[in-house]
Structure formats: structure tokens, C-alpha cells
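J.: Structure incoming, see below.
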Amino acid sequence: MARVIAIDYGTKRTGIAATDPLQISVNGLDTLTTDEVIPFLEQYCAAEEVETIVVGEPRYPDGTPAKIHHLVVGFVRKLEKTFPDIKIDMHDERFSSKAAEKLILQAVPKQKKRRNKALVDKMAAILILQDYLNHYHY
């Protein structure tokens, strides 16, 4: 089997998570400036076998596309061109950032570390990937 990667796309920062090769566990990889994501993925995919890249699809609670939805679609198109042999999926990320903030609030004791937005982005990517696996894993 190969890894599955999840991306929590943001206009400034983007969180990235990945499974292990057996797709059993999910780990946060990094939070990068959004401009660094494609080069990072090129390096990562050259070193690791990746079968799917899942991008969080931003939606409002009522299900309508969020304000940055068009930017995420453009990013997905770049991924499809850059990685033609890897399946690219979008997955509803409606509540991932809020859930990530809640988890961090419970798990991280120091208030200064809880304010780290990069940690929230990485945790959101983990939650997107875990939800994707729960829904679509075979």
C-alpha cells in the first residue's frame, strides 16, 4: 500500500498530514507557507509512495462553498497537473479547524503553545485525513 496525504489549505499557511504506508495511523507532517506546499510535496512524493492526496474542501455549516473555495479548486488543479499519477480528492472540512482548536485546547497545557496557528493547521489536516479514511477506506 501507499500513503495518503491530507492538506488543510489556507491562503497563508497550509497544514499537511500523512498516513503510514499501511494506512493505519495518521500523523501531522508540517505546516508550511502555502507557496512551499507544491515543492514540499514533490520532494515527499519522490521519497515516499503516495496513492492519494486529499484536500480539505472549505464549506460553510449549511454546505455552501466557503469564500476561499475557488482558491482551493485552483490549488487542486495545480496538484492534478503536478501529480498526474496520484489520485486527488476533495473532502468536506467544514468543522476541522474548530475541532482542531478544541482538541488543542484540551491536549496542550501551555496557553502560548495553544495560540500557535501552525499547530491548528497541522491538526486540521490530521482531522481531515482521519475523517476521509473513516468514510472512504476500503
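Lettering and numbering for the C-alpha cells are positional, with chains as A, B, ... in the shown order, residues counted from 1 in each chain, and ligands counted from 1 in the shown order.
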Set the distance at 9 Å and use only C-alpha atoms: which residues neighbour Val55 (chain A) once local chain neighbours fewer than 5 positions away are removed? I'd like the list as a PDB file with N, CA and C atoms, in the first residue's frame.
T.:
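Result file is part12.pdb:
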ATOM      1  N   ILE A   5      -2.082  11.462   1.782  1.00  0.00           N
ATOM      2  CA  ILE A   5      -1.726  12.767   2.332  1.00  0.00           C
ATOM      3  C   ILE A   5      -2.991  13.624   2.403  1.00  0.00           C
ATOM      4  N   ALA A   6      -3.103  14.426   3.443  1.00  0.00           N
ATOM      5  CA  ALA A   6      -4.197  15.390   3.540  1.00  0.00           C
ATOM      6  C   ALA A   6      -3.628  16.791   3.660  1.00  0.00           C
ATOM      7  N   ILE A   7      -4.353  17.738   3.090  1.00  0.00           N
ATOM      8  CA  ILE A   7      -3.927  19.127   3.078  1.00  0.00           C
ATOM      9  C   ILE A   7      -5.058  20.005   3.590  1.00  0.00           C
ATOM     10  N   ASP A   8      -4.745  20.816   4.585  1.00  0.00           N
ATOM     11  CA  ASP A   8      -5.665  21.850   5.057  1.00  0.00           C
ATOM     12  C   ASP A   8      -5.160  23.159   4.458  1.00  0.00           C
ATOM     13  N   TYR A   9      -5.713  23.514   3.297  1.00  0.00           N
ATOM     14  CA  TYR A   9      -5.253  24.663   2.519  1.00  0.00           C
ATOM     15  C   TYR A   9      -5.666  25.968   3.189  1.00  0.00           C
ATOM     16  N   VAL A  72      -9.095  26.951  -3.457  1.00  0.00           N
ATOM     17  CA  VAL A  72      -8.808  25.537  -3.219  1.00  0.00           C
ATOM     18  C   VAL A  72      -8.964  24.746  -4.511  1.00  0.00           C
ATOM     19  N   PHE A  75      -5.934  25.300  -6.516  1.00  0.00           N
ATOM     20  CA  PHE A  75      -4.838  24.530  -5.940  1.00  0.00           C
ATOM     21  C   PHE A  75      -4.950  23.060  -6.339  1.00  0.00           C
ATOM     22  N   VAL A  76      -6.152  22.517  -6.292  1.00  0.00           N
ATOM     23  CA  VAL A  76      -6.378  21.117  -6.696  1.00  0.00           C
ATOM     24  C   VAL A  76      -5.987  20.918  -8.153  1.00  0.00           C
ATOM     25  N   ILE A  88      -6.287  12.674  -6.695  1.00  0.00           N
ATOM     26  CA  ILE A  88      -6.507  13.887  -5.914  1.00  0.00           C
ATOM     27  C   ILE A  88      -8.003  13.937  -5.577  1.00  0.00           C
ATOM     28  N   ASP A  89      -8.314  14.019  -4.295  1.00  0.00           N
ATOM     29  CA  ASP A  89      -9.697  14.075  -3.820  1.00  0.00           C
ATOM     30  C   ASP A  89      -9.902  15.326  -2.989  1.00  0.00           C
ATOM     31  N   MET A  90     -11.129  15.835  -3.020  1.00  0.00           N
ATOM     32  CA  MET A  90     -11.512  16.890  -2.084  1.00  0.00           C
ATOM     33  C   MET A  90     -12.422  16.246  -1.044  1.00  0.00           C
ATOM     34  N   HIS A  91     -12.292  16.702   0.205  1.00  0.00           N
ATOM     35  CA  HIS A  91     -13.094  16.139   1.291  1.00  0.00           C
ATOM     36  C   HIS A  91     -13.604  17.270   2.175  1.00  0.00           C
ATOM     37  N   ASP A  92     -14.868  17.237   2.491  1.00  0.00           N
ATOM     38  CA  ASP A  92     -15.513  18.259   3.313  1.00  0.00           C
ATOM     39  C   ASP A  92     -14.724  18.493   4.600  1.00  0.00           C
ATOM     40  N   GLU A  93     -14.337  19.731   4.812  1.00  0.00           N
ATOM     41  CA  GLU A  93     -13.548  20.078   6.000  1.00  0.00           C
ATOM     42  C   GLU A  93     -14.308  21.037   6.905  1.00  0.00           C
ATOM     43  N   ALA A 125      -5.396  19.228   9.314  1.00  0.00           N
ATOM     44  CA  ALA A 125      -5.050  18.272   8.255  1.00  0.00           C
ATOM     45  C   ALA A 125      -5.169  16.833   8.768  1.00  0.00           C
ATOM     46  N   ILE A 128      -8.891  16.040   8.894  1.00  0.00           N
ATOM     47  CA  ILE A 128      -9.416  15.830   7.534  1.00  0.00           C
ATOM     48  C   ILE A 128      -9.051  14.430   7.060  1.00  0.00           C
ATOM     49  N   LEU A 129      -7.793  14.052   7.259  1.00  0.00           N
ATOM     50  CA  LEU A 129      -7.323  12.748   6.794  1.00  0.00           C
ATOM     51  C   LEU A 129      -8.004  11.617   7.554  1.00  0.00           C
TER      52      LEU A 129
END
J.: Which residues are near Lys87 (chain A)? Cut-off 10 Å, only C-alpha atoms, ignore same chain within fewer than 3 positions. Put them as a ChimeraX atom specification.
T.: /A:4,50-54,79-80,83-84
J.: Write the residues you've just listed into a file as a PDB file, in the first residue's frame, and include C-alpha atoms for each of them.
T.:
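New file result-v2.pdb:
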ATOM      1  CA  VAL A   4      -2.453   9.078   1.775  1.00  0.00           C
ATOM      2  CA  VAL A  50       1.690   8.220  -2.256  1.00  0.00           C
ATOM      3  CA  GLU A  51      -1.579   6.935  -3.682  1.00  0.00           C
ATOM      4  CA  THR A  52      -3.946   9.798  -2.808  1.00  0.00           C
ATOM      5  CA  ILE A  53      -3.774  13.465  -1.875  1.00  0.00           C
ATOM      6  CA  VAL A  54      -6.872  14.687  -0.047  1.00  0.00           C
ATOM      7  CA  LEU A  79      -1.902  19.277  -7.870  1.00  0.00           C
ATOM      8  CA  GLU A  80      -3.555  17.322 -10.694  1.00  0.00           C
ATOM      9  CA  PHE A  83       0.997  14.749  -9.851  1.00  0.00           C
ATOM     10  CA  PRO A  84      -0.896  13.138 -12.762  1.00  0.00           C
TER      11      PRO A  84
END
J.: For Ser25 (chain A), please output as a PyMOL selection string all residues within 12 Å (counting only C-alpha atoms; exclusion window: fewer than 6 positions along the same chain).
T.: chain A and resi 3-5+17-19+126-127+129-130+133-134
J.: What is the distance between CA of Asp121 (chain A) and CA of Gly15 (chain A), in Å to one decimal?
T.: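 Answer for the CA of Asp121 (chain A) to CA of Gly15 (chain A) separation: 4.5 Å.
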J.: Give me every strand (DSSP E) residue in region 27-85 of chain A, going by DSSP on the backbone, as a PyMOL selection string.
T.: chain A and resi 27-33+50-57
J.: Generate a file of the selected residues that holds N, CA and C atoms, formatted as a JSON list (two decimals), in the first residue's frame.
T.:
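Everything below was put into again-v1.json:
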[["chain", "number", "residue", "atom", "x", "y", "z"],
["A", 27, "ASN", "N", -0.44, 11.00, 10.92],
["A", 27, "ASN", "CA", 0.49, 11.88, 11.62],
["A", 27, "ASN", "C", 0.57, 13.23, 10.90],
["A", 28, "GLY", "N", 0.72, 14.27, 11.68],
["A", 28, "GLY", "CA", 0.95, 15.58, 11.09],
["A", 28, "GLY", "C", 2.36, 15.65, 10.55],
["A", 29, "LEU", "N", 2.51, 16.15, 9.34],
["A", 29, "LEU", "CA", 3.85, 16.29, 8.76],
["A", 29, "LEU", "C", 4.42, 17.67, 9.03],
["A", 30, "ASP", "N", 3.67, 18.71, 8.65],
["A", 30, "ASP", "CA", 4.22, 20.05, 8.75],
["A", 30, "ASP", "C", 3.13, 21.07, 8.49],
["A", 31, "THR", "N", 3.43, 22.31, 8.82],
["A", 31, "THR", "CA", 2.64, 23.46, 8.38],
["A", 31, "THR", "C", 3.61, 24.35, 7.64],
["A", 32, "LEU", "N", 3.27, 24.68, 6.41],
["A", 32, "LEU", "CA", 4.15, 25.45, 5.55],
["A", 32, "LEU", "C", 3.43, 26.69, 5.05],
["A", 33, "THR", "N", 4.21, 27.66, 4.56],
["A", 33, "THR", "CA", 3.55, 28.73, 3.83],
["A", 33, "THR", "C", 2.97, 28.07, 2.58],
["A", 50, "VAL", "N", 2.94, 7.56, -2.65],
["A", 50, "VAL", "CA", 1.69, 8.22, -2.26],
["A", 50, "VAL", "C", 0.62, 7.84, -3.27],
["A", 51, "GLU", "N", -0.51, 7.34, -2.76],
["A", 51, "GLU", "CA", -1.58, 6.94, -3.68],
["A", 51, "GLU", "C", -2.66, 7.99, -3.82],
["A", 52, "THR", "N", -2.88, 8.80, -2.78],
["A", 52, "THR", "CA", -3.95, 9.80, -2.81],
["A", 52, "THR", "C", -3.51, 11.04, -2.05],
["A", 53, "ILE", "N", -3.91, 12.20, -2.58],
["A", 53, "ILE", "CA", -3.77, 13.46, -1.88],
["A", 53, "ILE", "C", -5.19, 13.98, -1.67],
["A", 54, "VAL", "N", -5.54, 14.20, -0.42],
["A", 54, "VAL", "CA", -6.87, 14.69, -0.05],
["A", 54, "VAL", "C", -6.74, 16.15, 0.35],
["A", 55, "VAL", "N", -7.56, 16.99, -0.27],
["A", 55, "VAL", "CA", -7.54, 18.42, 0.04],
["A", 55, "VAL", "C", -8.85, 18.76, 0.72],
["A", 56, "GLY", "N", -8.76, 19.42, 1.86],
["A", 56, "GLY", "CA", -9.96, 19.84, 2.57],
["A", 56, "GLY", "C", -10.76, 20.81, 1.73],
["A", 57, "GLU", "N", -12.04, 20.52, 1.58],
["A", 57, "GLU", "CA", -12.93, 21.38, 0.80],
["A", 57, "GLU", "C", -13.67, 22.31, 1.75]]
J.: One decimal, in Å: what's the spacing between CA of Tyr132 (chain A) and CA of Tyr60 (chain A)?
T.: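 The value is 18.2 Å.
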J.: Any idea what the distance is between CA of His69 (chain A) and CA of Thr14 (chain A)?
T.: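 Computed distance, CA of His69 (chain A) to CA of Thr14 (chain A), equals 14.4 Å.
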J.: Pick the closest to Asp35 (chain A) from A:Glu49, A:Lys12, A:Ala2, A:Thr82: which is it, counting only C-alpha atoms?
T.: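 For Asp35 (chain A), the nearest of the given residues is A:Lys12.
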